[in-house]
Amino acid sequence: MNIPSPVNRRAALGVAAGAAVTGAVAACSGPAQDSGAPASGNDPTPGTDPAPAPSPEESVATVEEVPVGGGVVLAGAAVVLTQPEAGEFRAFSTTCTHEGCPVDEVVGDEIVCPCHGSRFSIADGSRTAGPASDPLEEYPVTVTEEGGLVVG
Ligand code: FES
């Protein structure tokens, strides 16, 4: 696992709070929406995921912020948090394994890359569709007594 520098909970939640207004954080526990086409055409921006992975010392979100059967993308923390089953939390890198674009939303039970349409399972990060061949990198995640999610 590559953890270049720490990201604190405030920074991660700042992204989430801002996203509630701007729509930058994608969270969904509803049915999948599949347009059948990449969200942004054929213009990948490999390596454009500048946010570092979260620090192993601090919570990046709370359990209440991650929907059961779905997940949230914390772009500022470069992590996707999912809860495939009630009380089962997973964390994945936002870096798509195809050409490195950041995944940007969770639709139903899939994590979606906007560049070429790769999709990954919220349960284990495995590819479910699109040109990527490898799963998303998974990080260990633990739940604190206070209900925080610590990744790393
Ligand atoms: S970078 Fe091509 S599908 Fe994600």
# chains A, B, ... in the order shown; residues from 1 in each chain; ligands from 1

$ residues_near_ligand --ligand "ligand 1" --cutoff "7 Å" --atoms "only C-alpha atoms and all ligand atoms" --output "list of chain:residue names"
A:Pro44, A:Pro46, A:Cys96, A:Thr97, A:His98, A:Glu99, A:Gly100, A:Cys101, A:Val103, A:Cys113, A:Pro114, A:Cys115, A:His116, A:Gly117, A:Ser118, A:Gly130, A:Pro131, A:Ala132

$ write_last_selection --atoms "C-alpha atoms" --output "compact mmCIF listing (two decimals), in the first residue's frame"
# COMPACT_ATOMS: atom_id res chain seq x y z
CA PRO A 44 -8.12 9.77 -19.74
CA PRO A 46 -3.74 9.25 -15.93
CA CYS A 96 -8.44 3.34 -11.47
CA THR A 97 -6.24 0.42 -12.44
CA HIS A 98 -6.84 0.99 -16.15
CA GLU A 99 -5.00 4.25 -16.81
CA GLY A 100 -5.04 5.96 -13.44
CA CYS A 101 -8.03 8.26 -13.57
CA VAL A 103 -12.93 6.95 -9.76
CA CYS A 113 -14.41 5.40 -13.30
CA PRO A 114 -15.53 8.27 -15.56
CA CYS A 115 -12.73 7.98 -18.10
CA HIS A 116 -13.50 4.73 -19.92
CA GLY A 117 -16.33 3.27 -17.90
CA SER A 118 -14.57 0.71 -15.76
CA GLY A 130 -14.87 -1.83 -18.59
CA PRO A 131 -11.27 -2.00 -19.75
CA ALA A 132 -9.54 -2.24 -16.36

$ closest_residue --among "A:Leu74, A:Ala129, A:Val141, A:Leu149" --to "Val112 of chain A" --atoms "only C-alpha atoms"
A:Ala129

$ residues_around --residues "Glu138 of chain A" --least-positions-apart "4" --cutoff "7 Å" --atoms "only C-alpha atoms" --output "short mmCIF file (atom, residue, chain, number, x, y, z; two decimals) with N, CA and C atoms, in the first residue's frame"
data_model
loop_
_atom_site.label_atom_id
_atom_site.label_comp_id
_atom_site.auth_asym_id
_atom_site.auth_seq_id
_atom_site.Cartn_x
_atom_site.Cartn_y
_atom_site.Cartn_z
N ALA A 91 -12.42 -0.23 2.18
CA ALA A 91 -11.80 1.00 1.68
C ALA A 91 -10.93 0.66 0.49
N PHE A 92 -11.02 1.49 -0.54
CA PHE A 92 -10.26 1.27 -1.77
C PHE A 92 -9.61 2.58 -2.22
N SER A 93 -8.53 2.44 -2.96
CA SER A 93 -7.90 3.58 -3.61
C SER A 93 -8.86 4.13 -4.65
N GLY A 125 -13.61 -4.63 -4.63
CA GLY A 125 -12.83 -3.81 -5.56
C GLY A 125 -12.56 -4.46 -6.90
#

$ closest_residue --among "A:Phe89, A:Thr95, A:Ser126, A:Ser121" --to "Pro140 of chain A" --atoms "only C-alpha atoms"
A:Phe89
